[in-house]
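One structure is given below, encoded as structure tokens.
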Amino acid sequence: FFFKSEEADGVSWRRRNTMKRVQEKVVLVAVVAAVCLAGCVTADAQEKVKGAFVHVHKDFDVFEGTVGKDMEFTVEIHNMGDGDAYNVDFFDDAIEKEDGKSFKLKEGSFKNHFDKIEAGDYVTFKQVIVPLAAGPLLLPSSVVTYTEDKSGGKKTSVIGSVDGFNVMTSTQANTKNLLAFGKYASFGFCKTLGDWVRFAAFAVVIGTIVVGKSAFSKTKKLNEARKRKAARKALGVDDIKDD
């Protein structure tokens with residue numbers, strides 16, 4: 001009777017444990033489905049923006065600058081709506097104020113105009129600047145204005161993101177490049193200037209030990225040669241060889 005009761009309890013526990021695991025899996029599947037559904041709804045909402053919807057951002061070919069070296073930006077103005085955008089004007093007034101101070105504009109302009117950007121289309125143009133001083137370089141937001149009516153009317157303004165860079169001196173840039181090369185040359189052991197200093201100190205110690213050991217070995221050999229020569233001379237071996 002007792003064995004049957006314990007067996008029944010064991011079966012009941014296994015059933016409850018199995019049901020619990022099944023419930024957990026169902027909950028997990030429901031959560032994943034909800035997340036996917038929310039993503040689809042968001043994507044559909046973004047695709048169905050009514051009228052013109054303009055977005056501006058800058059794409060960079062570098063993420064760190066060097067004093068005196070070109071930094072190239074690609075400005076992209078996208079119309080993400082289902083209507084055309086007209087009288088599109090681009091302004092970089094905040095950046096223009098820094099021209100000749102922290103950097104100089106080498107190519108491109110701080111203003112641009114486009115008569116029309118069709119729905120789903122985009123325009124691009126380049127800016128090239130040359131940093132004049134080392135340190136943080138902040139690029140304030142660009143501004144774009146546009147209308148949904150070809151003849152004009154109410155203008156809509158959009159603001160781009162603020163971007164920042166670190167500008168290095170030529171010496172800092174060269175050091176960084178050498179360290180990057182040294183990282184591969186040392187199989188990843190030397191990643192910083194401090195690592196190379198420690199490596200150089202270790203190499204000097206090892207070199208001193210090797211050179212010292214070699215000098216000691218030569219000195220020992222010379223002393224042994226002198227002792228053998230003195231012994232042969234004491235035995236008259238040298239006199240016999242001379243005869």
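A note on labels: chains of the structure tokens are A, B, ... as shown, every chain counts residues from 1, and ligands are counted from 1 in their shown order.
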
Taking 3 positions as the minimum chain separation for residues in the same chain, which residues sit within 12 Å of stretch 145-150 of chain A when counting only C-alpha atoms? Answer as a PyMOL selection string. chain A and resi 50-56+77-79+81-92+111-119+142+153-160

What is the atom CA of A:Ala134 to atom CA of A:Lys106 distance in Å?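 Distance reported for this atom pair: 17.8 Å.
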
What residues in stretch 20-179 of chain A get the DSSP label strand (DSSP E)? Please answer as a count of residues only. 68

Point out the residue among A:Ser161, A:Ser170, A:Glu107, A:Gly135 with the least atom-to-atom distance to A:Lys69, counting only C-alpha atoms.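 Checking each candidate against A:Lys69, we get A:Ser170 as the closest.
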
Skipping near chain neighbours, those fewer than 5 positions away, what residues fall within 12 Å of A:Asp99 using only C-alpha atoms, listed as a list in words?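 Residues meeting the cut-off are Asp92, Asp93, Ala94, Lys104, Leu105, Lys106, Ser109, Phe110, Val128, Ile129, Val130, Pro131, Leu132 and Leu139 of chain A.
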
Selected residue, from A:Val75, A:Val162, A:Met168, A:Val49, that lies nearest to A:Ala133 when counting only C-alpha atoms: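 Answer, going by the shortest atom-to-atom distance: A:Met168.
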
Report as a PyMOL selection string: the residues of stretch 56-173 of chain A with a DSSP assignment of helix (DSSP H, G or I), based on the backbone of this structure. chain A and resi 93-96+170-173

Can you write just those residues out, N, CA and C atoms, as a PDB file, in the first residue's frame?
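So the final result, stored in out.pdb, reads:
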ATOM      1  N   ASP A  93      24.512  76.359 -40.409  1.00  0.00           N
ATOM      2  CA  ASP A  93      24.921  77.650 -39.864  1.00  0.00           C
ATOM      3  C   ASP A  93      25.782  77.511 -38.618  1.00  0.00           C
ATOM      4  N   ALA A  94      25.424  76.570 -37.734  1.00  0.00           N
ATOM      5  CA  ALA A  94      26.185  76.404 -36.492  1.00  0.00           C
ATOM      6  C   ALA A  94      27.616  75.968 -36.772  1.00  0.00           C
ATOM      7  N   ILE A  95      27.783  75.095 -37.765  1.00  0.00           N
ATOM      8  CA  ILE A  95      29.135  74.642 -38.124  1.00  0.00           C
ATOM      9  C   ILE A  95      29.899  75.744 -38.840  1.00  0.00           C
ATOM     10  N   GLU A  96      29.193  76.529 -39.639  1.00  0.00           N
ATOM     11  CA  GLU A  96      29.843  77.608 -40.397  1.00  0.00           C
ATOM     12  C   GLU A  96      30.550  78.594 -39.476  1.00  0.00           C
ATOM     13  N   SER A 170      49.649  64.807 -35.388  1.00  0.00           N
ATOM     14  CA  SER A 170      50.310  63.854 -36.288  1.00  0.00           C
ATOM     15  C   SER A 170      51.102  62.817 -35.500  1.00  0.00           C
ATOM     16  N   THR A 171      51.759  63.263 -34.414  1.00  0.00           N
ATOM     17  CA  THR A 171      52.533  62.330 -33.575  1.00  0.00           C
ATOM     18  C   THR A 171      51.629  61.288 -32.936  1.00  0.00           C
ATOM     19  N   GLN A 172      50.482  61.729 -32.414  1.00  0.00           N
ATOM     20  CA  GLN A 172      49.538  60.792 -31.799  1.00  0.00           C
ATOM     21  C   GLN A 172      48.998  59.803 -32.829  1.00  0.00           C
ATOM     22  N   ALA A 173      48.695  60.296 -34.021  1.00  0.00           N
ATOM     23  CA  ALA A 173      48.176  59.414 -35.066  1.00  0.00           C
ATOM     24  C   ALA A 173      49.222  58.381 -35.486  1.00  0.00           C
TER      25      ALA A 173
END

Given only C-alpha atoms as the basis, pick out the residue of A:Ser217, A:Ser102, A:Gln127, A:Asn166 nearest to A:Lys58.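 Using only C-alpha atoms, A:Lys58 sits closest to A:Gln127.
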
Enter the distance from atom CA of A:Ile209 to atom CA of A:Lys227, in Å, rounded to one decimal.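 Computed distance, atom CA of A:Ile209 to atom CA of A:Lys227, equals 26.6 Å.
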